[in-house]
Structure formats: C-alpha cells, structure tokens
file work.txt (compact mmCIF, C-alpha atoms and all ligand atoms)
# COMPACT_ATOMS: atom_id res chain seq x y z
CA MET P 1 114.41 120.76 75.91
CA ARG P 2 111.63 118.44 77.03
CA ALA P 3 112.39 116.45 80.23
CA MET P 4 113.01 112.81 79.49
CA ILE P 5 110.53 110.22 80.78
CA ASP P 6 113.09 107.63 81.85
CA LEU P 7 111.59 104.13 81.90
CA ARG P 8 114.81 102.17 81.37
CA SER P 9 114.50 100.57 84.80
CA ASP P 10 113.09 101.04 88.30
CA THR P 11 116.71 101.12 89.48
CA ILE P 12 117.24 104.71 88.24
CA THR P 13 115.33 106.37 91.10
CA ARG P 14 117.07 108.93 93.32
CA PRO P 15 116.51 108.96 97.09
CA THR P 16 113.75 111.38 98.11
CA PRO P 17 114.55 114.20 100.59
CA ALA P 18 112.72 112.22 103.31
CA MET P 19 114.80 109.13 102.52
CA LEU P 20 118.02 111.17 102.65
CA ALA P 21 116.93 112.52 106.05
CA ALA P 22 116.30 108.96 107.27
CA MET P 23 119.75 107.96 106.03
CA SER P 24 121.53 110.85 107.68
CA SER P 25 119.81 110.32 111.03
CA ALA P 26 120.22 106.51 111.14
CA PRO P 27 122.14 105.30 114.23
CA LEU P 28 125.34 103.62 113.02
CA GLY P 29 127.87 101.03 114.13
CA ASP P 30 130.18 98.58 112.39
CA ASP P 31 128.07 95.92 110.72
CA VAL P 32 131.03 93.62 110.10
CA LEU P 33 131.48 93.56 113.87
CA GLY P 34 127.72 93.02 114.17
CA ASP P 35 126.84 96.22 116.00
CA ASP P 36 125.16 98.53 113.48
CA PRO P 37 121.75 99.02 115.13
CA THR P 38 120.01 100.13 111.92
CA VAL P 39 121.18 97.07 109.99
CA ILE P 40 120.13 94.84 112.89
CA ALA P 41 116.68 96.48 112.91
CA LEU P 42 116.34 96.07 109.12
CA GLU P 43 117.38 92.42 109.16
CA ARG P 44 114.91 91.64 111.97
CA ARG P 45 112.11 93.49 110.21
CA CYS P 46 112.72 91.71 106.88
CA ALA P 47 113.01 88.27 108.47
CA ALA P 48 109.66 88.83 110.19
CA LEU P 49 108.08 90.13 106.97
CA ALA P 50 109.27 87.04 105.07
CA GLY P 51 108.34 84.62 107.86
CA LYS P 52 111.95 83.43 108.17
CA GLU P 53 114.26 83.10 111.18
CA ALA P 54 117.00 85.47 110.08
CA ALA P 55 118.20 87.85 107.37
CA VAL P 56 121.43 89.34 106.07
CA PHE P 57 121.76 92.75 104.39
CA VAL P 58 123.81 92.71 101.18
CA PRO P 59 124.86 95.32 98.59
CA SER P 60 122.89 93.97 95.61
CA GLY P 61 120.34 91.48 94.33
CA THR P 62 123.07 89.76 92.35
CA MET P 63 125.05 89.11 95.53
CA ALA P 64 121.92 87.89 97.35
CA ASN P 65 121.35 85.29 94.62
CA LEU P 66 125.00 84.26 94.54
CA ILE P 67 125.08 83.85 98.33
CA ALA P 68 121.88 81.76 98.22
CA ILE P 69 123.29 79.53 95.48
CA SER P 70 126.59 79.19 97.37
CA VAL P 71 124.84 78.27 100.61
CA HIS P 72 122.51 75.69 99.04
CA THR P 73 124.93 73.93 96.68
CA ARG P 74 128.38 72.37 96.51
CA PRO P 75 130.60 72.77 93.42
CA GLY P 76 129.27 70.56 90.60
CA ASP P 77 125.68 70.61 91.89
CA GLU P 78 122.91 71.70 89.58
CA VAL P 79 120.52 74.62 90.00
CA VAL P 80 117.22 74.35 88.10
CA LEU P 81 115.87 77.71 86.99
CA HIS P 82 113.90 79.32 84.15
CA GLU P 83 115.75 80.00 80.91
CA HIS P 84 115.10 83.72 81.40
CA ALA P 85 116.04 83.78 85.10
CA HIS P 86 118.21 86.68 86.22
CA PRO P 87 121.11 84.56 87.57
CA PHE P 88 121.29 82.76 84.21
CA LEU P 89 121.03 85.81 81.93
CA TYR P 90 122.36 88.81 83.80
CA GLU P 91 124.70 87.90 86.65
CA ALA P 92 127.92 87.53 84.66
CA GLY P 93 128.11 83.78 85.22
CA GLY P 94 128.72 84.30 88.96
CA ALA P 95 126.97 81.08 90.02
CA SER P 96 129.45 79.06 87.94
CA ALA P 97 132.48 81.26 88.57
CA TYR P 98 132.16 81.56 92.36
CA ALA P 99 129.78 78.83 93.58
CA GLY P 100 130.89 76.23 90.99
CA ALA P 101 127.23 75.48 90.29
CA GLN P 102 125.93 74.20 86.98
CA LEU P 103 122.74 75.88 85.79
CA ARG P 104 119.98 73.81 84.19
CA THR P 105 117.39 75.95 82.45
CA VAL P 106 113.73 75.19 81.84
CA ALA P 107 111.40 76.93 79.38
CA GLY P 108 107.91 78.23 80.19
CA PRO P 109 105.59 81.15 79.36
CA ARG P 110 106.52 84.52 80.91
CA GLY P 111 109.01 83.08 83.39
CA VAL P 112 106.65 80.45 84.76
CA MET P 113 107.86 76.84 84.90
CA THR P 114 105.37 73.98 84.77
CA PRO P 115 105.57 71.08 87.24
CA ASP P 116 106.12 68.66 84.33
CA ALA P 117 109.04 70.71 83.01
CA LEU P 118 110.61 70.80 86.47
CA MET P 119 110.21 67.04 86.92
CA ALA P 120 111.79 66.43 83.53
CA ALA P 121 114.80 68.58 84.52
CA ILE P 122 115.55 66.82 87.82
CA ARG P 123 118.38 64.30 87.48
CA PRO P 124 117.88 60.64 88.42
CA TYR P 125 118.73 60.28 92.10
CA GLY P 126 121.88 58.44 93.13
CA ASP P 127 123.32 57.78 89.65
CA PRO P 128 126.97 58.89 89.79
CA HIS P 129 126.93 59.96 86.13
CA PHE P 130 124.76 62.95 86.89
CA PRO P 131 125.22 66.16 88.81
CA ARG P 132 123.05 66.39 91.93
CA SER P 133 119.90 68.44 91.34
CA ARG P 134 120.29 70.53 94.45
CA LEU P 135 118.42 73.83 94.16
CA LEU P 136 115.27 75.17 92.57
CA CYS P 137 115.43 78.92 91.98
CA LEU P 138 112.29 80.88 90.99
CA GLU P 139 111.87 84.61 90.26
CA ASP P 140 108.87 86.64 91.50
CA THR P 141 107.95 88.92 89.82
CA HIS P 142 109.66 87.69 86.70
CA ASN P 143 111.68 90.45 85.07
CA ARG P 144 111.96 89.05 81.53
CA GLY P 145 108.43 87.71 81.90
CA GLY P 146 107.27 91.36 81.93
CA GLY P 147 106.83 91.63 85.71
CA LYS P 148 104.79 88.42 85.78
CA ILE P 149 103.55 87.37 89.21
CA GLN P 150 104.31 83.70 89.88
CA PRO P 151 100.93 81.94 90.25
CA LEU P 152 100.96 80.67 93.85
CA GLU P 153 99.28 77.33 93.22
CA ASN P 154 101.93 76.52 90.63
CA THR P 155 104.71 77.71 92.95
CA ASP P 156 103.37 75.48 95.72
CA LYS P 157 103.51 72.48 93.38
CA LEU P 158 107.04 73.31 92.18
CA CYS P 159 108.35 73.66 95.73
CA ALA P 160 106.72 70.36 96.75
CA ILE P 161 108.35 68.58 93.79
CA ALA P 162 111.74 70.11 94.62
CA ARG P 163 111.46 69.16 98.26
CA SER P 164 110.48 65.58 97.48
CA ALA P 165 113.59 65.37 95.27
CA GLY P 166 115.76 66.55 98.17
CA MET P 167 116.36 69.99 96.65
CA ALA P 168 116.53 73.30 98.46
CA THR P 169 114.48 76.25 97.17
CA HIS P 170 115.40 79.91 96.69
CA LEU P 171 113.10 82.75 95.62
CA ASP P 172 114.78 85.59 93.75
CA GLY P 173 112.26 88.13 94.92
CA ALA P 174 114.03 91.23 93.63
CA ARG P 175 110.53 92.66 92.95
CA VAL P 176 108.49 90.35 95.17
CA LEU P 177 106.95 93.32 97.01
CA ASN P 178 105.38 94.32 93.68
CA ALA P 179 103.82 90.85 93.63
CA VAL P 180 102.71 91.24 97.25
CA VAL P 181 101.00 94.58 96.57
CA ALA P 182 99.39 93.46 93.30
CA SER P 183 98.19 90.07 94.55
CA GLY P 184 97.28 91.04 98.12
CA GLU P 185 99.12 87.92 99.35
CA PRO P 186 101.62 88.75 102.10
CA LEU P 187 105.31 88.08 101.61
CA GLU P 188 105.21 85.42 104.29
CA ARG P 189 102.76 83.45 102.12
CA ARG P 190 104.53 84.06 98.80
CA ALA P 191 107.84 82.95 100.36
CA ARG P 192 106.32 80.20 102.52
CA ASP P 193 107.72 77.12 100.78
CA PHE P 194 111.14 78.57 99.96
CA ASP P 195 114.16 77.99 102.17
CA THR P 196 115.53 81.42 101.28
CA VAL P 197 114.05 84.55 99.73
CA SER P 198 115.83 87.72 98.62
CA PHE P 199 114.41 91.12 97.75
CA CYS P 200 115.82 94.44 96.59
CA PHE P 201 115.49 97.94 98.04
CA SER P 202 117.09 99.57 95.01
CA LYS P 203 114.27 98.89 92.54
CA GLY P 204 110.64 99.89 93.05
CA LEU P 205 111.37 100.85 96.66
CA GLY P 206 113.62 103.69 95.51
CA CYS P 207 116.79 103.14 97.60
CA PRO P 208 120.27 103.83 96.23
CA ALA P 209 121.52 100.30 96.99
CA GLY P 210 120.88 97.21 99.09
CA SER P 211 119.11 93.86 99.10
CA ILE P 212 118.23 91.33 101.77
CA LEU P 213 118.47 87.56 101.97
CA CYS P 214 116.12 85.86 104.46
CA GLY P 215 116.10 82.23 105.58
CA PRO P 216 116.87 79.77 108.36
CA LYS P 217 119.43 80.87 111.01
CA ASP P 218 122.13 78.41 109.93
CA ALA P 219 121.82 79.26 106.22
CA ILE P 220 121.99 82.99 106.96
CA ALA P 221 125.00 82.51 109.28
CA GLU P 222 126.77 80.71 106.43
CA GLY P 223 125.54 83.44 104.06
CA ARG P 224 127.34 86.03 106.23
CA ARG P 225 130.58 84.11 105.72
CA VAL P 226 130.04 84.01 101.94
CA ARG P 227 129.18 87.74 101.92
CA LYS P 228 132.49 88.43 103.66
CA ARG P 229 134.35 86.21 101.21
CA LEU P 230 132.81 88.10 98.28
CA GLY P 231 133.80 91.45 99.75
CA GLY P 232 130.18 92.41 100.36
CA ALA P 233 130.38 93.03 104.12
CA MET P 234 129.99 96.77 104.71
CA ARG P 235 130.91 98.79 107.80
CA GLN P 236 128.54 101.72 108.58
CA ALA P 237 125.92 100.05 106.39
CA GLY P 238 123.19 101.60 108.55
CA VAL P 239 123.26 104.57 106.17
CA LEU P 240 121.81 102.24 103.51
CA ALA P 241 119.71 100.22 105.93
CA GLY P 242 118.12 103.50 107.08
CA ALA P 243 117.00 104.13 103.49
CA ALA P 244 115.61 100.60 103.31
CA LEU P 245 113.64 100.95 106.57
CA HIS P 246 112.24 104.26 105.31
CA ALA P 247 111.25 102.58 102.02
CA LEU P 248 109.50 99.69 103.79
CA GLU P 249 107.47 102.26 105.71
CA HIS P 250 106.64 104.69 102.89
CA HIS P 251 107.25 103.16 99.46
CA VAL P 252 105.54 99.77 99.47
CA ALA P 253 101.81 100.56 99.20
CA ARG P 254 102.56 103.17 96.50
CA LEU P 255 103.90 100.42 94.17
CA GLU P 256 100.26 100.11 93.11
CA GLU P 257 100.60 103.54 91.45
CA ASP P 258 103.39 102.16 89.26
CA HIS P 259 101.22 99.18 88.37
CA ARG P 260 98.27 101.44 87.51
CA ARG P 261 100.44 103.63 85.27
CA ALA P 262 101.82 100.57 83.50
CA ARG P 263 98.25 99.30 82.93
CA GLU P 264 96.95 102.66 81.71
CA THR P 265 99.87 103.04 79.32
CA ALA P 266 99.30 99.49 78.07
CA MET P 267 95.63 100.21 77.41
CA GLY P 268 96.45 103.39 75.49
CA LEU P 269 99.08 101.66 73.36
CA MET P 270 96.74 98.75 72.70
CA ILE P 271 94.02 101.13 71.50
CA ASP P 272 96.62 102.67 69.18
CA GLY P 273 97.27 99.23 67.71
CA PHE P 274 100.54 98.29 69.44
CA GLN P 275 101.14 94.67 70.41
CA ILE P 276 101.57 94.55 74.18
CA GLU P 277 101.54 92.02 76.97
CA MET P 278 99.10 93.25 79.62
CA PRO P 279 101.30 94.10 82.63
CA GLU P 280 100.53 92.57 86.01
CA THR P 281 102.92 94.89 87.86
CA ASN P 282 105.32 97.72 86.86
CA ILE P 283 106.97 96.24 83.75
CA LEU P 284 105.40 96.72 80.33
CA GLN P 285 106.67 94.97 77.21
CA VAL P 286 105.74 96.28 73.77
CA ASP P 287 106.44 94.60 70.44
CA VAL P 288 107.63 96.89 67.64
CA PRO P 289 109.46 96.28 64.37
CA ASP P 290 113.22 96.98 64.73
CA ALA P 291 113.28 97.69 68.48
CA PRO P 292 116.77 99.35 68.61
CA ALA P 293 115.75 101.91 65.94
CA PHE P 294 112.42 102.47 67.74
CA VAL P 295 114.30 103.17 70.99
CA GLU P 296 116.27 105.91 69.22
CA ARG P 297 113.10 107.50 67.82
CA LEU P 298 111.38 107.32 71.23
CA ARG P 299 114.36 109.17 72.72
CA GLU P 300 113.84 111.98 70.21
CA HIS P 301 110.25 112.18 71.45
CA GLY P 302 111.22 112.28 75.13
CA VAL P 303 110.98 108.65 76.29
CA SER P 304 113.91 106.51 77.29
CA CYS P 305 113.60 102.71 77.47
CA PHE P 306 115.51 99.54 76.58
CA ALA P 307 115.11 97.08 73.72
CA ILE P 308 115.22 93.57 75.19
CA GLY P 309 115.15 91.80 71.85
CA PRO P 310 115.11 92.60 68.14
CA GLY P 311 111.38 93.34 68.27
CA ARG P 312 110.60 94.00 71.91
CA LEU P 313 110.82 97.03 74.22
CA ARG P 314 110.66 97.09 78.02
CA LEU P 315 109.26 100.04 79.96
CA VAL P 316 109.54 100.04 83.74
CA PHE P 317 107.38 102.36 85.88
CA HIS P 318 108.79 103.65 89.16
CA LEU P 319 108.83 106.24 91.93
CA ASP P 320 110.40 108.99 89.80
CA VAL P 321 107.68 109.14 87.13
CA GLY P 322 104.13 110.38 87.68
CA ASP P 323 100.79 110.31 85.88
CA GLU P 324 102.18 112.55 83.12
CA ALA P 325 104.26 109.58 81.94
CA VAL P 326 101.14 107.77 80.72
CA ASP P 327 100.12 110.33 78.09
CA GLY P 328 103.76 111.19 77.37
CA VAL P 329 104.58 107.58 76.50
CA ILE P 330 101.44 107.06 74.40
CA ARG P 331 102.17 110.28 72.44
CA ALA P 332 105.83 109.38 71.97
CA PHE P 333 104.98 105.89 70.63
CA GLY P 334 102.55 107.45 68.15
CA ALA P 335 105.18 109.92 66.97
CA ALA P 336 107.97 107.31 66.85
CA ARG P 337 105.84 105.03 64.70
CA LYS P 338 105.54 107.79 62.10
CA GLY P 339 109.35 108.05 61.98
C1 LIG C 401 114.87 89.51 89.06
C2 LIG C 401 116.17 90.16 89.42
N1 LIG C 401 117.01 89.54 90.27
C3 LIG C 401 118.17 90.07 90.64
C4 LIG C 401 118.54 91.31 90.18
C5 LIG C 401 119.90 91.85 90.57
O1 LIG C 401 119.83 92.98 91.33
P1 LIG C 401 121.10 94.01 91.39
O2 LIG C 401 121.01 94.85 90.18
O3 LIG C 401 120.85 94.75 92.68
O4 LIG C 401 122.34 93.20 91.44
C6 LIG C 401 117.72 92.02 89.29
C7 LIG C 401 118.12 93.33 88.77
O5 LIG C 401 117.48 93.94 87.95
C8 LIG C 401 116.50 91.41 88.89
O6 LIG C 401 115.68 92.02 88.03

call {"tool": "encode", "arguments": {"input": "work.txt", "output": "structure tokens"}}
result
Amino acid sequence: MRAMIDLRSDTITRPTPAMLAAMSSAPLGDDVLGDDPTVIALERRCAALAGKEAAVFVPSGTMANLIAISVHTRPGDEVVLHEHAHPFLYEAGGASAYAGAQLRTVAGPRGVMTPDALMAAIRPYGDPHFPRSRLLCLEDTHNRGGGKIQPLENTDKLCAIARSAGMATHLDGARVLNAVVASGEPLERRARDFDTVSFCFSKGLGCPAGSILCGPKDAIAEGRRVRKRLGGAMRQAGVLAGAALHALEHHVARLEEDHRRARETAMGLMIDGFQIEMPETNILQVDVPDAPAFVERLREHGVSCFAIGPGRLRLVFHLDVGDEAVDGVIRAFGAARKG
C-alpha cells in the first residue's frame, strides 16, 4: 500500500530521534515547585524572543489563550476577536465557561480585521448597559485565514485603537514563528504592541506538546495561578521543555521549507485549474465541489486532509512531509477530480 501523505495538520508530527535525545537528557525538577531547570531556561528564552518580561510554559495553545483571556478580563467583560478566531471556533467555549468572558466577533478577509470594524465593535465607554470592551485578541498566522500573516501596519493600528479604548491586547501566535520566518520580522517586533503573546511548540516546530504564554511579570504570575486552577501545572515538565528548546534551535528556520512546499503545490494545482488561495505560510486552502466526498477520494489516492467547509479543503505542510508531497498531492488531486 502507498504511504499516506498526511496533511491534516502540522500537529501530527512525531518527535525526531534528535528531539527524543534532547528530551531524555533534559535536566529535570518539579516545575510546580518552580525548580525544573529546563522549563526555567525555556521560559527565559521565550520571554527574550518575544521581548516580554516573563513567560509560562503550558500544555496547549488552547490553555495559553484561556489563561490570557482569564488574566485580562473579569466575568462579563467582552473580548473582541475575528469571527474565525480559534478561541471562538475551536476551544469548546472555554472563554465563556471558565473566564466568564463574552466574545464579540468581527468579520474581515482571511482573518484580518480592519480598524473601522474594530472601532465599530468597541462598546461606548462608561455606559452601564454595556459589557466592558476589555481585550483585543488577534491570531498570527491566521489558521482559518489559510495561514495568513497579519499585516503589521494594520496590527499596529488595531493595537493603538484598543489601547486608546483602555483594552488589553493578546496575540494568539500559535503559528507566529511561521509569520516570523516568512516575513523576516522578528517575534519581538510582531508581538511588540501586545500585552501577551502565546505560541505553540506542537505545530510546525514538531514537539509532542506544549505552548508558551509571554507577557509582563505580573500578568504571567497571575497566569501561573490560573494554569494551576485549570490543572495545567506539570511536574517534570522539563521533558517537554527540552523538546521545545531543541525545536527553537533546529526547527524554526526550516519552516521556510514547509512554506515553499505549500507554494509549489498551490502553483501546480492552479495550473491544473483548481481554485486556490495563494498560501503565505504552511496552510493551503483549495476549493472543490463537495469537499467531504473529495476528501474520501483523495484518501484513496494517498493524501489525507480535512474539509473545512462544504466546498473547501485545508492542507497543512509540516516537518514530517518532504518534497515528494508536492507531486504526490498534485497527482492525487488530478486523480480525485476524475472520480
Ligand atoms: C491559531 C490557533 N490557536 C490555538 C490553537 C490551540 O492549540 P492546541 O491544539 O495546542 O490547544 C490552535 C490549534 O490548532 C490554533 O490553530
């Protein structure tokens, strides 16, 4: 049987032998007691990378977002975010269930919110009828936006508007290192105007688990309390932090390979007449008639991916697929179209 080209997500990667070696040799302690040296090293490294004072290591991107929302809001406050933002679509309603926050969504092309749309969503200040607009949450790159990189000039404007309205700002940067590599703008710059920024090790960076939340010392100290409350404080977490440190060293620059493969596949599919959105990073979206049936036919031809709508497929390039995926995907789409 032909090996499957699995493009369902960049979360499916397995740790490389070198990553496993880094994990097994990581010095360990008890991170809940604050003495796991590998976690401490990772948190310091990430805080420096993001240009923030402090960082806290957490099990998942979902928990990083929930902690950020909990730290920045009080129950009944409103979070303004894009209508396709991850915390709104895919985090099981955690922001409402656990932080008591109300989510106010804003439309915009490929996950990008315009300044006018943000201004229109902010509640009038001081009127007791309204919830307090308390947090702006952006996503970079934008998952449902097909790995769209947030345009920095626009981000700068959005953060300035939020700040002048007395709102805090959080960047869900699950894949922000993809944006860093593709744009050439360092994380410190991309995260500059945000109070907090999170990013994931378990996506393009190839780790089995783990995310980080970076921000001011007091917000991160409070975030540690929320992490504990949520049951996300881990003991010998250095095993996972060791994987993350290895990934920061060896798996960041190579993200460009994923972006190149996504672009090359997109070009091939476009030449073959498929409707695509040109990818900016590692996520490629393709429009097909009857996406669920197309997914089944692609599987028969050796490619696994998800339908993200009735007529749209998502393919995510990652560490565990190589150059052979480009031709393999183009061939499989041609065959699947024939039936
Ligand atoms: C943009 C974004 N934020 C947050 C998350 C949540 O990460 P996790 O799956 O680690 O909870 C994801 C996961 O795909 C994501 O794409």

call {"tool": "residues_near_ligand", "arguments": {"input": "work.txt", "ligand": "ligand LIG 401 (chain C)", "cutoff": "8 Å", "atoms": "all atoms listed in the file", "output": "compact mmCIF listing (two decimals) with C-alpha atoms, in the coordinates of the input"}}
result
# COMPACT_ATOMS: atom_id res chain seq x y z
CA SER P 9 114.50 100.57 84.80
CA THR P 11 116.71 101.12 89.48
CA PRO P 59 124.86 95.32 98.59
CA SER P 60 122.89 93.97 95.61
CA GLY P 61 120.34 91.48 94.33
CA THR P 62 123.07 89.76 92.35
CA MET P 63 125.05 89.11 95.53
CA ALA P 64 121.92 87.89 97.35
CA ASN P 65 121.35 85.29 94.62
CA ALA P 85 116.04 83.78 85.10
CA HIS P 86 118.21 86.68 86.22
CA PRO P 87 121.11 84.56 87.57
CA TYR P 90 122.36 88.81 83.80
CA GLU P 91 124.70 87.90 86.65
CA GLU P 139 111.87 84.61 90.26
CA ASP P 140 108.87 86.64 91.50
CA THR P 141 107.95 88.92 89.82
CA HIS P 142 109.66 87.69 86.70
CA ASN P 143 111.68 90.45 85.07
CA ASP P 172 114.78 85.59 93.75
CA GLY P 173 112.26 88.13 94.92
CA ALA P 174 114.03 91.23 93.63
CA ARG P 175 110.53 92.66 92.95
CA CYS P 200 115.82 94.44 96.59
CA SER P 202 117.09 99.57 95.01
CA LYS P 203 114.27 98.89 92.54
CA ALA P 209 121.52 100.30 96.99
CA GLY P 210 120.88 97.21 99.09
CA SER P 211 119.11 93.86 99.10

call {"tool": "atom_distance", "arguments": {"input": "work.txt", "atom1": "CA of Gly242 (chain P)", "atom2": "CA of Ser70 (chain P)"}}
result
27.5 Å

call {"tool": "closest_residue", "arguments": {"input": "work.txt", "among": "P:Val239, P:Leu28, P:Ala160, P:Leu7", "to": "Gly204 (chain P)", "atoms": "only C-alpha atoms"}}
result
P:Leu7

call {"tool": "axis_aligned_box", "arguments": {"input": "work.txt", "around": "region 318-325 of chain P", "padding_each_side": "3 Å", "output": "AutoDock Vina command-line options"}}
result
--center_x 105.6 --center_y 108.1 --center_z 86.9 --size_x 15.6 --size_y 14.9 --size_z 16.0

call {"tool": "atom_distance", "arguments": {"input": "work.txt", "atom1": "CA of Asn178 (chain P)", "atom2": "CA of Ala219 (chain P)"}}
result
25.6 Å

call {"tool": "residues_around", "arguments": {"input": "work.txt", "residues": "region 115-122 of chain P", "least_positions_apart": "4", "cutoff": "12 Å", "atoms": "all atoms listed in the file", "output": "PyMOL selection string"}}
result
chain P and resi 77-83+103-109+126+130-138+153-167

call {"tool": "residues_around", "arguments": {"input": "work.txt", "residues": "Gly311 (chain P)", "least_positions_apart": "3", "cutoff": "10 Å", "atoms": "only C-alpha atoms", "output": "PyMOL selection string"}}
result
chain P and resi 286-294+307-308

call {"tool": "residues_around", "arguments": {"input": "work.txt", "residues": "Cys214 (chain P)", "least_positions_apart": "4", "cutoff": "8 Å", "atoms": "only C-alpha atoms", "output": "JSON, numbers by chain"}}
result
{"P": [46, 47, 50, 52, 53, 54, 55, 56, 196, 197, 198, 220]}

call {"tool": "residues_around", "arguments": {"input": "work.txt", "residues": "Arg227 (chain P)", "least_positions_apart": "3", "cutoff": "9 Å", "atoms": "only C-alpha atoms", "output": "VMD selection string"}}
result
chain P and resid 56 58 63 to 64 67 222 to 224 230 to 233

call {"tool": "write_last_selection", "arguments": {"input": "work.txt", "atoms": "C-alpha atoms", "output": "PDB file, in the coordinates of the input"}}
result
ATOM      1  CA  VAL P  56     121.430  89.340 106.070  1.00  0.00           C
ATOM      2  CA  VAL P  58     123.810  92.710 101.180  1.00  0.00           C
ATOM      3  CA  MET P  63     125.050  89.110  95.530  1.00  0.00           C
ATOM      4  CA  ALA P  64     121.920  87.890  97.350  1.00  0.00           C
ATOM      5  CA  ILE P  67     125.080  83.850  98.330  1.00  0.00           C
ATOM      6  CA  GLU P 222     126.770  80.710 106.430  1.00  0.00           C
ATOM      7  CA  GLY P 223     125.540  83.440 104.060  1.00  0.00           C
ATOM      8  CA  ARG P 224     127.340  86.030 106.230  1.00  0.00           C
ATOM      9  CA  LEU P 230     132.810  88.100  98.280  1.00  0.00           C
ATOM     10  CA  GLY P 231     133.800  91.450  99.750  1.00  0.00           C
ATOM     11  CA  GLY P 232     130.180  92.410 100.360  1.00  0.00           C
ATOM     12  CA  ALA P 233     130.380  93.030 104.120  1.00  0.00           C
TER      13      ALA P 233
END

call {"tool": "closest_residue", "arguments": {"input": "work.txt", "among": "P:Ala191, P:Val32, P:Ala332, P:Met113", "to": "Gly268 (chain P)", "atoms": "only C-alpha atoms"}}
result
P:Ala332

call {"tool": "atom_distance", "arguments": {"input": "work.txt", "atom1": "CA of Thr169 (chain P)", "atom2": "CA of Ala182 (chain P)"}}
result
23.2 Å

call {"tool": "closest_residue", "arguments": {"input": "work.txt", "among": "P:Asp258, P:Asp195, P:Glu300, P:Glu188", "to": "Glu280 (chain P)", "atoms": "only C-alpha atoms"}}
result
P:Asp258

call {"tool": "build_atoms", "arguments": {"input": "work.txt", "residues": "region 298-316 of chain P", "atoms": "N, CA and C atoms", "output": "PDB file, in the frame of the given file"}}
result
ATOM      1  N   LEU P 298     112.084 106.958  69.983  1.00  0.00           N
ATOM      2  CA  LEU P 298     111.380 107.320  71.230  1.00  0.00           C
ATOM      3  C   LEU P 298     112.177 108.356  72.007  1.00  0.00           C
ATOM      4  N   ARG P 299     113.486 108.202  72.021  1.00  0.00           N
ATOM      5  CA  ARG P 299     114.360 109.170  72.720  1.00  0.00           C
ATOM      6  C   ARG P 299     114.140 110.570  72.172  1.00  0.00           C
ATOM      7  N   GLU P 300     114.049 110.657  70.830  1.00  0.00           N
ATOM      8  CA  GLU P 300     113.840 111.980  70.210  1.00  0.00           C
ATOM      9  C   GLU P 300     112.496 112.568  70.642  1.00  0.00           C
ATOM     10  N   HIS P 301     111.573 111.695  71.036  1.00  0.00           N
ATOM     11  CA  HIS P 301     110.250 112.180  71.450  1.00  0.00           C
ATOM     12  C   HIS P 301     110.095 112.141  72.976  1.00  0.00           C
ATOM     13  N   GLY P 302     111.236 112.052  73.690  1.00  0.00           N
ATOM     14  CA  GLY P 302     111.220 112.280  75.130  1.00  0.00           C
ATOM     15  C   GLY P 302     110.998 111.061  76.006  1.00  0.00           C
ATOM     16  N   VAL P 303     111.149 109.853  75.462  1.00  0.00           N
ATOM     17  CA  VAL P 303     110.980 108.650  76.290  1.00  0.00           C
ATOM     18  C   VAL P 303     112.216 107.765  76.150  1.00  0.00           C
ATOM     19  N   SER P 304     112.729 107.357  77.283  1.00  0.00           N
ATOM     20  CA  SER P 304     113.910 106.510  77.290  1.00  0.00           C
ATOM     21  C   SER P 304     113.523 105.122  77.801  1.00  0.00           C
ATOM     22  N   CYS P 305     113.877 104.083  77.023  1.00  0.00           N
ATOM     23  CA  CYS P 305     113.600 102.710  77.470  1.00  0.00           C
ATOM     24  C   CYS P 305     114.612 101.783  76.807  1.00  0.00           C
ATOM     25  N   PHE P 306     114.567 100.507  77.156  1.00  0.00           N
ATOM     26  CA  PHE P 306     115.510  99.540  76.580  1.00  0.00           C
ATOM     27  C   PHE P 306     114.800  98.620  75.588  1.00  0.00           C
ATOM     28  N   ALA P 307     115.543  98.202  74.558  1.00  0.00           N
ATOM     29  CA  ALA P 307     115.110  97.080  73.720  1.00  0.00           C
ATOM     30  C   ALA P 307     115.621  95.819  74.414  1.00  0.00           C
ATOM     31  N   ILE P 308     114.752  94.819  74.560  1.00  0.00           N
ATOM     32  CA  ILE P 308     115.220  93.570  75.190  1.00  0.00           C
ATOM     33  C   ILE P 308     115.219  92.425  74.181  1.00  0.00           C
ATOM     34  N   GLY P 309     115.097  92.779  72.924  1.00  0.00           N
ATOM     35  CA  GLY P 309     115.150  91.800  71.850  1.00  0.00           C
ATOM     36  C   GLY P 309     115.021  92.561  70.549  1.00  0.00           C
ATOM     37  N   PRO P 310     115.163  91.894  69.422  1.00  0.00           N
ATOM     38  CA  PRO P 310     115.110  92.600  68.140  1.00  0.00           C
ATOM     39  C   PRO P 310     113.772  93.286  67.891  1.00  0.00           C
ATOM     40  N   GLY P 311     112.693  92.759  68.515  1.00  0.00           N
ATOM     41  CA  GLY P 311     111.380  93.340  68.270  1.00  0.00           C
ATOM     42  C   GLY P 311     110.605  93.617  69.537  1.00  0.00           C
ATOM     43  N   ARG P 312     111.318  93.829  70.641  1.00  0.00           N
ATOM     44  CA  ARG P 312     110.600  94.000  71.910  1.00  0.00           C
ATOM     45  C   ARG P 312     111.240  95.092  72.776  1.00  0.00           C
ATOM     46  N   LEU P 313     110.370  95.964  73.309  1.00  0.00           N
ATOM     47  CA  LEU P 313     110.820  97.030  74.220  1.00  0.00           C
ATOM     48  C   LEU P 313     110.329  96.723  75.632  1.00  0.00           C
ATOM     49  N   ARG P 314     111.089  97.226  76.620  1.00  0.00           N
ATOM     50  CA  ARG P 314     110.660  97.090  78.020  1.00  0.00           C
ATOM     51  C   ARG P 314     110.579  98.472  78.638  1.00  0.00           C
ATOM     52  N   LEU P 315     109.439  98.774  79.255  1.00  0.00           N
ATOM     53  CA  LEU P 315     109.260 100.040  79.960  1.00  0.00           C
ATOM     54  C   LEU P 315     108.965  99.721  81.423  1.00  0.00           C
ATOM     55  N   VAL P 316     109.702 100.358  82.323  1.00  0.00           N
ATOM     56  CA  VAL P 316     109.540 100.040  83.740  1.00  0.00           C
ATOM     57  C   VAL P 316     109.083 101.307  84.483  1.00  0.00           C
TER      58      VAL P 316
END
